[in-house]
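**Student:** My structure is below; once you've seen it, I'll send some questions.
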Amino acid sequence: MLKEQIRTLAKHYADELNLRIVERIQEMASDDKSHYLVYRLLNVSSTEGDAIDLYQNKGRFLYKYAGSFLEEAALLCFKHKFDSAECKKKIENPYGGRPRTFEIDCLVNSCAYEVKWRDATTDGDHITKEHSRVKAIHEAGYKPIRLMFYSPNRKQAIRIQETLKTIYHGLGGSYLVGAAAWEHIHEVTGVDLFNILNGVADENAQQ
């Protein structure tokens with residue numbers, strides 16, 4: 001049952017996240033904290049500095065595992081519906097240089113999906129690389145489709161996403177964000193991933 005697979009997947013990532021956080025807390029116990037001098041100069045106490053450093057590390061792990069979990073859960077939906085779905089398919093970079101290949105998260109017939117839980121990058125180089133990737137997918141005969149379940153909040157990141165949206169549409173692809181991404185998964189695979197995830201999250205809260 002797909003819901004049970006997703007529940008198991010969520011537990012796996014939750015356990016991995018907790019393990020990495022515990023390991024990092026142990027590592028941080030012996031960290032050099034001489035930089036706290038600068039914190040104190042900026043009226044941030046050592047206690048608050050400890051909390052900031054800790055949650056900064058926790059945040060990095062949380063974003064990484066949250067993204068990996070949601071992307072893998074979405075791919076499970078495609079594989080559940082389409083036996084022929086190819087995940088993590090490599091295609092050559094026809095423009096030379098690096099990277100030598102681009103990766104398609106999931107190829108369903110002629111639709112090449114890139115799945116993102118939330119892309120908050122503000123790096124302008126990201127646009128150049130993504131433009132090349134989408135053009136390569138288009139030239140390989142596939143339709144590029146970007147699914148992003150949550151929008152970034154910062155203005156610069158939002159502007160970059162608007163540019164990427166223009167690139168996708170300009171090459172005959174689709175760029176679906178927020179509710180449109182959840183609805184697309186539901187329409188194409190028949191799986192209401194949003195409600196499944198809410199159900200599993202409610203179960204976790206009750207436990």
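Identifiers for the structure tokens are assigned positionally: chains receive A, B, ... in sequence, residues are indexed from 1 per chain, and ligands are indexed from 1 in the order shown.
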DSSP on the backbone: which residues in stretch 71-105 of chain A end up as strand (DSSP E or B)? Give the answer as an MDAnalysis selection string.

**Tutor:** chainID A and resid 86:92 101:105

**Student:** Write out as a compact mmCIF listing (two decimals) with N, CA and C atoms, in the first residue's frame which residues come within 9 Å of A:Leu17 when counting only C-alpha atoms, dropping same-chain ones fewer than 6 positions away.

**Tutor:**
```
# COMPACT_ATOMS: atom_id res chain seq x y z
N LYS A 58 20.85 22.53 13.05
CA LYS A 58 19.61 21.75 12.94
C LYS A 58 18.86 22.12 11.67
N PHE A 61 20.21 20.48 8.46
CA PHE A 61 19.81 19.08 8.34
C PHE A 61 18.32 18.96 8.04
N LEU A 62 17.51 19.78 8.70
CA LEU A 62 16.07 19.72 8.50
C LEU A 62 15.70 20.00 7.05
N TYR A 65 16.80 17.02 4.77
CA TYR A 65 15.99 15.81 4.87
C TYR A 65 14.54 16.05 4.48
```

**Student:** Could I get the residues of stretch 44-129 of chain A with an atom no further than 12 Å from an atom of stretch 18-30 of chain A, each paired with its nearest atom pair and that distance in Å to one decimal, using only C-alpha atoms, sorted by chain and residue number, as a Markdown table?

**Tutor:**
```
| residue | atom | partner | partner_atom | distance |
| --- | --- | --- | --- | --- |
| A:Asp50 | CA | A:Met28 | CA | 9.4 |
| A:Ala51 | CA | A:Ile25 | CA | 11.1 |
| A:Asp53 | CA | A:Met28 | CA | 9.0 |
| A:Leu54 | CA | A:Ile25 | CA | 7.4 |
| A:Tyr55 | CA | A:Ile21 | CA | 9.8 |
| A:Gln56 | CA | A:Ile21 | CA | 11.0 |
| A:Asn57 | CA | A:Arg24 | CA | 7.7 |
| A:Lys58 | CA | A:Ile21 | CA | 6.2 |
| A:Gly59 | CA | A:Ile21 | CA | 9.7 |
| A:Arg60 | CA | A:Ile21 | CA | 9.9 |
| A:Phe61 | CA | A:Ile21 | CA | 7.4 |
| A:Leu62 | CA | A:Ile21 | CA | 9.0 |
| A:Lys64 | CA | A:Arg20 | CA | 11.2 |
| A:Tyr65 | CA | A:Arg20 | CA | 10.2 |
```

**Student:** As a VMD selection string, please: the residues near A:Glu130 (cut-off 8 Å, only C-alpha atoms, same-chain neighbours under 4 positions excluded).

**Tutor:** chain A and resid 126 134 164

**Student:** Within 9 Å of A:Ala136, counting only C-alpha atoms, which residues show up once you throw out same-chain ones fewer than 5 positions away? Write them as a tab-separated table (two decimals) with all heavy atoms, in the first residue's frame, please.

**Tutor:**
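As written to disk, around09.tsv reads:
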```tsv
chain	number	residue	atom	x	y	z
A	91	ILE	N	21.05	12.37	-18.79
A	91	ILE	CA	21.15	12.69	-20.20
A	91	ILE	C	22.44	13.51	-20.41
A	91	ILE	O	22.90	14.18	-19.49
A	91	ILE	CB	19.93	13.48	-20.72
A	91	ILE	CG1	19.79	14.82	-19.97
A	91	ILE	CG2	18.66	12.66	-20.61
A	91	ILE	CD1	18.76	15.74	-20.60
A	92	GLU	N	23.00	13.42	-21.59
A	92	GLU	CA	24.24	14.11	-21.89
A	92	GLU	C	24.02	15.62	-21.93
A	92	GLU	O	22.96	16.10	-22.34
A	92	GLU	CB	24.81	13.63	-23.22
A	92	GLU	CG	25.28	12.19	-23.23
A	92	GLU	CD	26.46	11.96	-22.29
A	92	GLU	OE1	27.35	12.84	-22.23
A	92	GLU	OE2	26.50	10.89	-21.64
A	93	ASN	N	25.03	16.36	-21.52
A	93	ASN	CA	25.04	17.80	-21.68
A	93	ASN	C	25.55	18.10	-23.09
A	93	ASN	O	26.74	17.93	-23.37
A	93	ASN	CB	25.95	18.44	-20.63
A	93	ASN	CG	26.05	19.95	-20.78
A	93	ASN	OD1	25.47	20.54	-21.68
A	93	ASN	ND2	26.79	20.58	-19.88
A	94	PRO	N	24.68	18.53	-24.01
A	94	PRO	CA	25.10	18.72	-25.41
A	94	PRO	C	25.96	19.95	-25.63
A	94	PRO	O	26.47	20.16	-26.73
A	94	PRO	CB	23.76	18.85	-26.15
A	94	PRO	CG	22.84	19.45	-25.15
A	94	PRO	CD	23.25	18.86	-23.82
A	95	TYR	N	26.14	20.75	-24.58
A	95	TYR	CA	26.87	22.01	-24.72
A	95	TYR	C	28.32	21.89	-24.25
A	95	TYR	O	29.06	22.87	-24.26
A	95	TYR	CB	26.16	23.12	-23.93
A	95	TYR	CG	24.69	23.18	-24.26
A	95	TYR	CD1	23.73	22.80	-23.31
A	95	TYR	CD2	24.26	23.56	-25.53
A	95	TYR	CE1	22.40	22.83	-23.63
A	95	TYR	CE2	22.91	23.58	-25.84
A	95	TYR	CZ	21.98	23.21	-24.89
A	95	TYR	OH	20.65	23.22	-25.19
A	102	PHE	N	23.16	15.81	-17.23
A	102	PHE	CA	22.09	16.37	-16.40
A	102	PHE	C	21.20	15.23	-15.94
A	102	PHE	O	21.09	14.20	-16.61
A	102	PHE	CB	21.26	17.39	-17.19
A	102	PHE	CG	22.00	18.64	-17.56
A	102	PHE	CD1	22.33	18.91	-18.88
A	102	PHE	CD2	22.36	19.55	-16.58
A	102	PHE	CE1	23.01	20.07	-19.21
A	102	PHE	CE2	23.04	20.72	-16.91
A	102	PHE	CZ	23.37	20.98	-18.23
A	131	HIS	N	18.97	26.79	-16.98
A	131	HIS	CA	18.61	27.07	-18.38
A	131	HIS	C	19.22	26.03	-19.30
A	131	HIS	O	18.55	25.48	-20.19
A	131	HIS	CB	19.08	28.47	-18.76
A	131	HIS	CG	18.46	28.98	-20.03
A	131	HIS	ND1	18.73	30.22	-20.55
A	131	HIS	CD2	17.60	28.40	-20.90
A	131	HIS	CE1	18.05	30.38	-21.67
A	131	HIS	NE2	17.36	29.30	-21.90
A	141	GLY	N	14.16	15.67	-26.66
A	141	GLY	CA	12.83	15.24	-27.08
A	141	GLY	C	11.83	15.08	-25.96
A	141	GLY	O	10.75	14.52	-26.16
```

**Student:** Given the choices A:Ser132, A:Gln207, A:Ser151, A:Ser46, which gets closest to A:Pro99 if the distance is worked out from only C-alpha atoms?

**Tutor:**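 Once distances to A:Pro99 are computed over only C-alpha atoms, the minimum belongs to A:Ser132.
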
**Student:** Excluding stretch 187-198 of chain A and its own-chain neighbours fewer than 3 positions away, which residues fall within 8 Å of it when counting only C-alpha atoms? Please give them as a ChimeraX atom specification.

**Tutor:** /A:3,6,74,77-78,80-82,182-184,201-202

**Student:** Keeping all heavy atoms, export the residues of the selection given above as a compact mmCIF listing (two decimals), in the first residue's frame.

**Tutor:**
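The result, stored in selection-v6.txt:
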```
# COMPACT_ATOMS: atom_id res chain seq x y z
N LYS A 3 0.35 4.34 0.93
CA LYS A 3 0.38 5.14 2.16
C LYS A 3 1.35 4.53 3.17
O LYS A 3 2.08 5.26 3.87
CB LYS A 3 -1.00 5.26 2.77
CG LYS A 3 -1.03 6.16 4.01
CD LYS A 3 -2.43 6.38 4.53
CE LYS A 3 -2.42 7.30 5.75
NZ LYS A 3 -3.78 7.57 6.28
N ILE A 6 4.86 5.42 2.20
CA ILE A 6 5.18 6.81 2.53
C ILE A 6 5.37 6.96 4.04
O ILE A 6 6.27 7.69 4.49
CB ILE A 6 4.07 7.74 2.01
CG1 ILE A 6 4.09 7.76 0.47
CG2 ILE A 6 4.23 9.16 2.57
CD1 ILE A 6 2.95 8.53 -0.17
N ALA A 74 7.14 12.00 -3.79
CA ALA A 74 6.52 12.32 -5.08
C ALA A 74 6.90 11.29 -6.14
O ALA A 74 6.04 10.86 -6.93
CB ALA A 74 6.94 13.72 -5.53
N CYS A 77 4.88 8.19 -6.04
CA CYS A 77 3.56 8.32 -6.68
C CYS A 77 3.66 8.01 -8.17
O CYS A 77 2.80 7.29 -8.72
CB CYS A 77 3.01 9.73 -6.47
SG CYS A 77 2.68 10.16 -4.76
N PHE A 78 4.68 8.54 -8.82
CA PHE A 78 4.84 8.27 -10.26
C PHE A 78 5.12 6.79 -10.51
O PHE A 78 4.56 6.19 -11.43
CB PHE A 78 5.99 9.12 -10.83
CG PHE A 78 5.64 10.57 -10.99
CD1 PHE A 78 6.32 11.55 -10.27
CD2 PHE A 78 4.66 10.97 -11.88
CE1 PHE A 78 6.01 12.90 -10.43
CE2 PHE A 78 4.33 12.31 -12.04
CZ PHE A 78 5.00 13.28 -11.32
N HIS A 80 4.25 4.34 -8.63
CA HIS A 80 3.04 3.60 -8.29
C HIS A 80 2.09 3.52 -9.49
O HIS A 80 1.45 2.49 -9.73
CB HIS A 80 2.34 4.28 -7.11
CG HIS A 80 1.02 3.68 -6.74
ND1 HIS A 80 0.91 2.50 -6.03
CD2 HIS A 80 -0.25 4.11 -6.99
CE1 HIS A 80 -0.38 2.23 -5.85
NE2 HIS A 80 -1.09 3.16 -6.42
N LYS A 81 2.02 4.61 -10.24
CA LYS A 81 1.09 4.68 -11.38
C LYS A 81 1.70 4.14 -12.66
O LYS A 81 1.03 3.47 -13.46
CB LYS A 81 0.66 6.15 -11.58
CG LYS A 81 -0.22 6.41 -12.79
CD LYS A 81 -1.59 5.74 -12.65
CE LYS A 81 -2.46 6.11 -13.85
NZ LYS A 81 -3.81 5.48 -13.74
N PHE A 82 2.97 4.43 -12.90
CA PHE A 82 3.60 4.10 -14.17
C PHE A 82 4.77 3.12 -13.97
O PHE A 82 5.82 3.50 -13.43
CB PHE A 82 4.13 5.37 -14.85
CG PHE A 82 3.08 6.41 -15.09
CD1 PHE A 82 2.96 7.50 -14.23
CD2 PHE A 82 2.21 6.32 -16.17
CE1 PHE A 82 1.99 8.47 -14.44
CE2 PHE A 82 1.24 7.28 -16.40
CZ PHE A 82 1.13 8.36 -15.53
N TRP A 182 0.74 20.05 -6.20
CA TRP A 182 0.00 18.97 -5.52
C TRP A 182 -1.11 18.43 -6.42
O TRP A 182 -1.31 17.21 -6.52
CB TRP A 182 -0.61 19.48 -4.22
CG TRP A 182 0.37 19.92 -3.18
CD1 TRP A 182 0.65 21.20 -2.80
CD2 TRP A 182 1.20 19.09 -2.36
NE1 TRP A 182 1.59 21.22 -1.81
CE2 TRP A 182 1.95 19.94 -1.51
CE3 TRP A 182 1.38 17.71 -2.26
CZ2 TRP A 182 2.87 19.46 -0.58
CZ3 TRP A 182 2.30 17.22 -1.34
CH2 TRP A 182 3.02 18.08 -0.51
N GLU A 183 -1.83 19.33 -7.08
CA GLU A 183 -2.94 18.92 -7.94
C GLU A 183 -2.44 18.12 -9.14
O GLU A 183 -3.10 17.17 -9.57
CB GLU A 183 -3.71 20.16 -8.42
CG GLU A 183 -4.52 20.83 -7.31
CD GLU A 183 -5.02 22.22 -7.71
OE1 GLU A 183 -4.83 22.59 -8.90
OE2 GLU A 183 -5.58 22.92 -6.84
N HIS A 184 -1.27 18.49 -9.67
CA HIS A 184 -0.72 17.77 -10.81
C HIS A 184 -0.40 16.33 -10.43
O HIS A 184 -0.73 15.39 -11.19
CB HIS A 184 0.54 18.47 -11.31
CG HIS A 184 1.12 17.84 -12.56
ND1 HIS A 184 0.67 18.14 -13.82
CD2 HIS A 184 2.11 16.92 -12.71
CE1 HIS A 184 1.35 17.43 -14.71
NE2 HIS A 184 2.24 16.68 -14.06
N ALA A 201 1.23 12.96 9.09
CA ALA A 201 1.68 13.98 10.04
C ALA A 201 0.77 14.02 11.26
O ALA A 201 1.24 14.16 12.41
CB ALA A 201 1.71 15.35 9.36
N ASP A 202 -0.55 13.88 11.05
CA ASP A 202 -1.50 13.86 12.19
C ASP A 202 -1.27 12.63 13.07
O ASP A 202 -1.35 12.72 14.31
CB ASP A 202 -2.93 13.87 11.66
CG ASP A 202 -3.33 15.22 11.07
OD1 ASP A 202 -2.63 16.22 11.35
OD2 ASP A 202 -4.34 15.27 10.35
```

**Student:** Which of these residues is nearest to A:Gly97, using only C-alpha atoms: A:Lys79, A:Lys129, A:Arg118, A:Gly67?

**Tutor:**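 Under the stated criterion, the closest residue is A:Lys129.
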
**Student:** Can you tell me, as a ChimeraX atom specification, what residues are no more than 6 Å from stretch 142-144 of chain A when counting only C-alpha atoms, ignoring any on the same chain fewer than 6 positions away?

**Tutor:** /A:110-112,173

**Student:** So that I have them on file, write out the residues from the current selection with N, CA and C atoms, as a PDB file, in the first residue's frame.

**Tutor:**
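Wrote selection14.pdb, looks like this:
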```pdb
ATOM      1  N   SER A 110       7.123  10.958 -22.172  1.00  0.00           N
ATOM      2  CA  SER A 110       7.942  12.053 -22.703  1.00  0.00           C
ATOM      3  C   SER A 110       8.060  13.223 -21.723  1.00  0.00           C
ATOM      4  N   CYS A 111       7.524  13.069 -20.522  1.00  0.00           N
ATOM      5  CA  CYS A 111       7.534  14.141 -19.530  1.00  0.00           C
ATOM      6  C   CYS A 111       8.726  13.979 -18.582  1.00  0.00           C
ATOM      7  N   ALA A 112       9.581  14.988 -18.550  1.00  0.00           N
ATOM      8  CA  ALA A 112      10.779  14.948 -17.708  1.00  0.00           C
ATOM      9  C   ALA A 112      10.565  15.841 -16.497  1.00  0.00           C
ATOM     10  N   GLY A 173       7.595  23.797 -21.835  1.00  0.00           N
ATOM     11  CA  GLY A 173       7.425  22.992 -20.628  1.00  0.00           C
ATOM     12  C   GLY A 173       6.375  23.562 -19.692  1.00  0.00           C
TER      13      GLY A 173
END
```

**Student:** Residues of stretch 73-196 of chain A in alpha helix (DSSP H) according to DSSP, as an MDAnalysis selection string?

**Tutor:** chainID A and resid 73:81 124:139 155:170 179:189 193:196

**Student:** Return the single residue from A:Ile127, A:Leu70, A:Ile137, A:Cys106 that is closest to A:Tyr150, with distances computed using only C-alpha atoms.

**Tutor:** A:Leu70

**Student:** At what distance in Å, to one decimal, does atom CA of A:Trp117 lie from atom CA of A:Ser68?

**Tutor:**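 Distance between the two atoms: 8.1 Å.
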
**Student:** Could you state the separation of atom CA of A:Phe69 and atom CA of A:Thr8 in Å, given to one decimal place?

**Tutor:**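 Distance between the two atoms: 10.8 Å.
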
**Student:** Which neighbours of A:Ser174 fall inside 8 Å, counting only C-alpha atoms, when residues of the same chain fewer than 2 positions from it are skipped, and could you give them as a ChimeraX atom specification?

**Tutor:** /A:143-146,165,168-169,172,176

**Student:** In Å, rounded to a single decimal, give me how far atom CA of A:Glu71 is from atom CA of A:Cys87.

**Tutor:**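 These atoms are spaced 11.1 Å apart.
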